[in-house]
Amino acid sequence: MLVATVFAIVKLDHLMTAVMLMGFFSLLSSCIFMILDAVDVAFTEAAVGAGASTIFILAALAIVGRKSKKKRREKTILPLIIVTCTGALLLYATLDMPYFGTPDAPVHTHVAPRYLLESGEEVGPPNIVTSVLASYRGYDTFGEAGVVFTAFIGVLLLLGAGTRKSGLEREAPPNVKVESMRQKIVLREVADLLIAPVLVFALYVQWHGDFGPGGGFQAGVIFASAIILYALIYGIVPAQKILPPRKLAYFPGIGLLLYALVGVIAMFKGGNFLAYGALMADPHDGQHYGILAIELGIGITVAAVMINIFFSLSERSL
Amino acid sequence: MIVGLFNYWIVIVLMMAGLYIVMSSGHLVKKIIGLNVFQTSVFIFFISMGAVDGGTAPILKDGFTVFSNPLPHVLILTAIVVGVATTALGLAISVRVFEAYGTVEEDEILAIDRDNREREISVSTVVTESSQNERDQ
């Protein structure tokens, strides 16, 4: 099914349909993650792939137009040859791979046993993914929050949120669609029903991340998707009245600084950077509160970045 | 063997389809869609590597002893969010390209660039005064 969806995307020149199929593709792959026991990942993929990135691409398409041109002949043959060769090489390489599900594959023998066996003692949270993410690999996660922040700066520099300048003078844009959404009773009622629970759910995912699947990344995206839903139904202007982009632009920085602050406090208390054990007298409490704090930082950063990017992209098409 | 490596093969097919979209399509947004497909297939690859027979989700609870590997999950979890951020950056760039050129088709952009360069060369051979005007425009 995944393969069929992807080939449909390859063939389609109508980009709107291609984007919808891409969202579907993400949803399917998040089901696969679920089956493969990666609940946290499934969560994120469903929220990000099927939600946020689809919306972003749609917003961009509203600006650049939805038809892609028919390809010329020489542009399809050469890529096809390259792709076939690369694919064949990769297939050949898989022959050396350990079979799917083998417990003694190299992946499972390096650091993973320690995470699985000791993390309950060393870090605390039952959700091992959270303890690896926030504690063992805290540096990596800090870096990734930084990447998200940098991408946000890039988008802000390129498009500018809340500081719209008329780039190219174009004829009346099709923002009739956005306005008329408000008149669609079913859509509006369903959205009204959904938005508040989605926000509450985002908070639950945020605070419950160390016990069940969830955490800052997921919560941030879910929170942002509720806001985006509101903006889609009621129009971007009311949404920006609630969350003015100029103020919102501070939040990614605040989230990242909160993360860094936790690390620095740990340093002042005599531990290493981001070693939460030093935060409190009892290392377990320290780990617990440290992880909660940095997850909050991540959540703020991600949510603010997503909402900001959505605003910047969709403002352009107004 | 077929069953053991089936996941990886599917991943390779998906990955190559994504690569094909990136290379063959001239539309910048469609290229980004292709990149997304490629990216997602890499995610599936990582998660398949982390799976263990008879394992369960890596959340400690009494009664479960076999878990799948949490490390790939962590890596992919963050990669997804970073992925959407970079996608947004790519989209922002293509929006700016559209505003500058009026199109996001690769060959049209190249044609416009070529025209501009030729015009600049022809202008620079003429008097400096006219090239000044050109730049003012």
# chains A, B, ... in the order shown; residues from 1 in each chain; ligands from 1
$ select_by_dssp --residues "segment 13-58 of chain B" --states "alpha helix (DSSP H)" --output "VMD selection string"
chain B and resid 13 to 24 28 to 50
$ interface_residues --of "chain B" --to "chain A" --cutoff "6 Å" --atoms "only C-alpha atoms" --output "NGL selection string"
:B and (4-5 or 16 or 21 or 23-24 or 27 or 51-53 or 56-60 or 70 or 74 or 77 or 82 or 84-85 or 89 or 92 or 99)
$ write_last_selection --atoms "N, CA and C atoms" --output "mmCIF file, in the first residue's frame"
data_model
loop_
_atom_site.group_PDB
_atom_site.id
_atom_site.type_symbol
_atom_site.label_atom_id
_atom_site.label_comp_id
_atom_site.auth_asym_id
_atom_site.auth_seq_id
_atom_site.Cartn_x
_atom_site.Cartn_y
_atom_site.Cartn_z
ATOM 1 N N GLY B 4 12.896 -12.243 5.934
ATOM 2 C CA GLY B 4 13.824 -11.556 6.828
ATOM 3 C C GLY B 4 14.228 -10.190 6.328
ATOM 4 N N LEU B 5 14.304 -10.027 5.024
ATOM 5 C CA LEU B 5 14.792 -8.752 4.501
ATOM 6 C C LEU B 5 13.696 -7.931 3.841
ATOM 7 N N MET B 16 14.015 4.975 -3.336
ATOM 8 C CA MET B 16 14.372 5.261 -4.721
ATOM 9 C C MET B 16 13.252 6.029 -5.415
ATOM 10 N N ILE B 21 11.552 11.193 -7.683
ATOM 11 C CA ILE B 21 10.738 12.416 -7.709
ATOM 12 C C ILE B 21 11.647 13.639 -7.639
ATOM 13 N N MET B 23 14.720 13.992 -8.565
ATOM 14 C CA MET B 23 15.540 14.245 -9.750
ATOM 15 C C MET B 23 14.699 14.574 -10.974
ATOM 16 N N SER B 24 13.560 13.908 -11.130
ATOM 17 C CA SER B 24 12.857 14.042 -12.410
ATOM 18 C C SER B 24 11.923 15.234 -12.431
ATOM 19 N N HIS B 27 9.394 20.859 -10.634
ATOM 20 C CA HIS B 27 8.657 21.733 -9.735
ATOM 21 C C HIS B 27 9.274 21.673 -8.348
ATOM 22 N N ALA B 51 13.431 -3.052 15.696
ATOM 23 C CA ALA B 51 12.415 -3.999 16.148
ATOM 24 C C ALA B 51 13.046 -5.327 16.555
ATOM 25 N N VAL B 52 12.464 -5.942 17.574
ATOM 26 C CA VAL B 52 12.931 -7.246 18.050
ATOM 27 C C VAL B 52 11.746 -8.196 18.069
ATOM 28 N N ASP B 53 11.981 -9.436 17.667
ATOM 29 C CA ASP B 53 10.912 -10.439 17.696
ATOM 30 C C ASP B 53 10.337 -10.569 19.095
ATOM 31 N N THR B 56 8.189 -5.526 22.911
ATOM 32 C CA THR B 56 7.082 -4.595 23.073
ATOM 33 C C THR B 56 7.647 -3.181 23.120
ATOM 34 N N ALA B 57 6.758 -2.203 23.192
ATOM 35 C CA ALA B 57 7.220 -0.818 23.214
ATOM 36 C C ALA B 57 8.118 -0.591 24.424
ATOM 37 N N PRO B 58 9.194 0.197 24.277
ATOM 38 C CA PRO B 58 10.163 0.336 25.371
ATOM 39 C C PRO B 58 9.668 1.192 26.521
ATOM 40 N N ILE B 59 8.652 0.717 27.202
ATOM 41 C CA ILE B 59 8.168 1.393 28.404
ATOM 42 C C ILE B 59 8.201 0.365 29.518
ATOM 43 N N LEU B 60 8.970 0.639 30.562
ATOM 44 C CA LEU B 60 9.175 -0.352 31.615
ATOM 45 C C LEU B 60 7.875 -0.625 32.353
ATOM 46 N N PRO B 70 15.278 1.208 22.070
ATOM 47 C CA PRO B 70 14.768 2.583 22.154
ATOM 48 C C PRO B 70 15.626 3.590 21.401
ATOM 49 N N VAL B 74 14.479 7.158 19.502
ATOM 50 C CA VAL B 74 14.853 8.509 19.900
ATOM 51 C C VAL B 74 15.379 9.285 18.701
ATOM 52 N N LEU B 77 12.549 10.064 16.289
ATOM 53 C CA LEU B 77 11.622 11.032 16.887
ATOM 54 C C LEU B 77 12.098 12.462 16.654
ATOM 55 N N VAL B 82 12.873 17.682 13.208
ATOM 56 C CA VAL B 82 13.855 18.448 12.451
ATOM 57 C C VAL B 82 13.487 18.424 10.968
ATOM 58 N N VAL B 84 10.516 18.292 9.582
ATOM 59 C CA VAL B 84 9.448 19.222 9.218
ATOM 60 C C VAL B 84 9.967 20.660 9.237
ATOM 61 N N ALA B 85 10.915 20.935 10.134
ATOM 62 C CA ALA B 85 11.472 22.283 10.153
ATOM 63 C C ALA B 85 12.245 22.574 8.872
ATOM 64 N N LEU B 89 11.648 25.263 5.803
ATOM 65 C CA LEU B 89 12.678 26.155 5.280
ATOM 66 C C LEU B 89 12.733 26.061 3.760
ATOM 67 N N ALA B 92 9.869 27.831 2.306
ATOM 68 C CA ALA B 92 10.054 29.280 2.371
ATOM 69 C C ALA B 92 10.951 29.743 1.237
ATOM 70 N N GLU B 99 8.463 34.432 -5.791
ATOM 71 C CA GLU B 99 8.242 35.879 -5.795
ATOM 72 C C GLU B 99 9.271 36.604 -6.655
#
$ residues_around --residues "segment 45-50 of chain B" --least-positions-apart "5" --cutoff "7 Å" --atoms "only C-alpha atoms" --output "list of chain:residue names"
A:Phe33, A:Leu36, A:Phe100, B:Asn7, B:Tyr8, B:Val11, B:Ser68, B:Asn69, B:Pro72, B:His73
$ write_last_selection --atoms "N, CA and C atoms" --output "PDB file, in the first residue's frame"
ATOM      1  N   PHE A  33       5.005   2.235  12.192  1.00  0.00           N
ATOM      2  CA  PHE A  33       5.809   2.456  13.395  1.00  0.00           C
ATOM      3  C   PHE A  33       5.114   1.864  14.607  1.00  0.00           C
ATOM      4  N   LEU A  36       5.599  -1.743  14.702  1.00  0.00           N
ATOM      5  CA  LEU A  36       6.979  -2.083  15.046  1.00  0.00           C
ATOM      6  C   LEU A  36       7.343  -1.612  16.457  1.00  0.00           C
ATOM      7  N   PHE A 100      15.284  -9.199   9.885  1.00  0.00           N
ATOM      8  CA  PHE A 100      14.355  -8.361  10.647  1.00  0.00           C
ATOM      9  C   PHE A 100      13.957  -9.043  11.953  1.00  0.00           C
TER      10      PHE A 100
ATOM     11  N   ASN B   7      11.307  -5.981   4.806  1.00  0.00           N
ATOM     12  CA  ASN B   7      11.160  -4.580   5.230  1.00  0.00           C
ATOM     13  C   ASN B   7      12.183  -3.684   4.557  1.00  0.00           C
ATOM     14  N   TYR B   8      13.429  -4.152   4.539  1.00  0.00           N
ATOM     15  CA  TYR B   8      14.489  -3.332   3.978  1.00  0.00           C
ATOM     16  C   TYR B   8      14.259  -3.102   2.489  1.00  0.00           C
ATOM     17  N   VAL B  11      11.707  -0.538   1.942  1.00  0.00           N
ATOM     18  CA  VAL B  11      12.304   0.773   2.230  1.00  0.00           C
ATOM     19  C   VAL B  11      13.103   1.252   1.039  1.00  0.00           C
ATOM     20  N   SER B  68      11.750  -3.489  22.253  1.00  0.00           N
ATOM     21  CA  SER B  68      12.519  -3.128  21.066  1.00  0.00           C
ATOM     22  C   SER B  68      13.479  -2.011  21.443  1.00  0.00           C
ATOM     23  N   ASN B  69      14.460  -1.816  20.584  1.00  0.00           N
ATOM     24  CA  ASN B  69      15.574  -0.930  20.886  1.00  0.00           C
ATOM     25  C   ASN B  69      15.115   0.527  20.947  1.00  0.00           C
ATOM     26  N   PRO B  72      16.992   3.799  18.219  1.00  0.00           N
ATOM     27  CA  PRO B  72      16.492   4.296  16.925  1.00  0.00           C
ATOM     28  C   PRO B  72      15.233   5.131  17.084  1.00  0.00           C
ATOM     29  N   HIS B  73      14.397   4.766  18.055  1.00  0.00           N
ATOM     30  CA  HIS B  73      13.174   5.545  18.261  1.00  0.00           C
ATOM     31  C   HIS B  73      13.507   6.986  18.596  1.00  0.00           C
TER      32      HIS B  73
END
$ residues_around --residues "Thr301 of chain A" --least-positions-apart "5" --cutoff "7 Å" --atoms "only C-alpha atoms" --output "compact mmCIF listing (two decimals) with N, CA and C atoms, in the first residue's frame"
# COMPACT_ATOMS: atom_id res chain seq x y z
N PHE A 251 9.12 33.07 21.60
CA PHE A 251 8.98 31.82 22.34
C PHE A 251 9.98 30.73 21.96
N PRO A 252 10.32 30.56 20.66
CA PRO A 252 11.33 29.54 20.37
C PRO A 252 12.62 29.80 21.15
N GLY A 253 13.01 31.06 21.23
CA GLY A 253 14.21 31.39 22.00
C GLY A 253 14.04 31.07 23.47
N GLY A 255 12.11 28.83 24.86
CA GLY A 255 12.15 27.39 25.07
C GLY A 255 13.58 26.87 25.07
N LEU A 256 14.35 27.32 24.08
CA LEU A 256 15.73 26.85 23.96
C LEU A 256 16.55 27.30 25.16
$ closest_residue --among "A:Met20, A:Phe268, A:Ser135, A:Leu248" --to "His284 of chain A" --atoms "only C-alpha atoms"
A:Ser135
$ residues_around --residues "Ala266 of chain A" --least-positions-apart "4" --cutoff "7 Å" --atoms "only C-alpha atoms" --output "JSON list (two decimals) with N, CA and C atoms, in the first residue's frame"
[["chain", "number", "residue", "atom", "x", "y", "z"],
["A", 262, "VAL", "N", 18.59, 24.82, 32.30],
["A", 262, "VAL", "CA", 18.61, 23.63, 33.13],
["A", 262, "VAL", "C", 20.02, 23.04, 33.14],
["A", 270, "GLY", "N", 27.36, 21.63, 40.48],
["A", 270, "GLY", "CA", 28.49, 20.72, 40.61],
["A", 270, "GLY", "C", 28.47, 19.54, 39.68],
["A", 271, "GLY", "N", 27.47, 19.44, 38.82],
["A", 271, "GLY", "CA", 27.45, 18.32, 37.87],
["A", 271, "GLY", "C", 27.99, 18.77, 36.53],
["A", 272, "ASN", "N", 27.84, 17.91, 35.54],
["A", 272, "ASN", "CA", 28.18, 18.29, 34.18],
["A", 272, "ASN", "C", 27.00, 19.01, 33.56],
["A", 273, "PHE", "N", 27.27, 19.62, 32.38],
["A", 273, "PHE", "CA", 26.18, 20.28, 31.64],
["A", 273, "PHE", "C", 25.10, 19.25, 31.33],
["A", 274, "LEU", "N", 23.87, 19.56, 31.70],
["A", 274, "LEU", "CA", 22.72, 18.69, 31.46],
["A", 274, "LEU", "C", 22.75, 17.39, 32.26],
["A", 275, "ALA", "N", 23.56, 17.34, 33.32],
["A", 275, "ALA", "CA", 23.50, 16.16, 34.20],
["A", 275, "ALA", "C", 22.51, 16.46, 35.31],
["A", 276, "TYR", "N", 21.25, 16.01, 35.10],
["A", 276, "TYR", "CA", 20.18, 16.47, 35.99],
["A", 276, "TYR", "C", 20.31, 15.93, 37.40],
["A", 278, "ALA", "N", 22.45, 16.27, 39.46],
["A", 278, "ALA", "CA", 23.01, 17.23, 40.39],
["A", 278, "ALA", "C", 22.00, 18.31, 40.80],
["A", 279, "LEU", "N", 20.83, 18.33, 40.14],
["A", 279, "LEU", "CA", 19.90, 19.43, 40.37],
["A", 279, "LEU", "C", 19.34, 19.42, 41.78]]
$ residues_around --residues "Tyr204 of chain A" --least-positions-apart "4" --cutoff "12 Å" --atoms "only C-alpha atoms" --output "count of residues only"
20
$ residues_around --residues "Ser41 of chain B" --least-positions-apart "2" --cutoff "8 Å" --atoms "only C-alpha atoms" --output "number ranges by chain"
B: 11-12, 14-15, 37-39, 43-45
$ atom_distance --atom1 "atom CA of Asn116 of chain B" --atom2 "atom CA of Ile32 of chain B"
26.7 Å
$ atom_distance --atom1 "atom CA of Ser94 of chain B" --atom2 "atom CA of Leu28 of chain B"
6.5 Å
$ atom_distance --atom1 "atom CA of Ala202 of chain A" --atom2 "atom CA of Ala79 of chain B"
19.8 Å
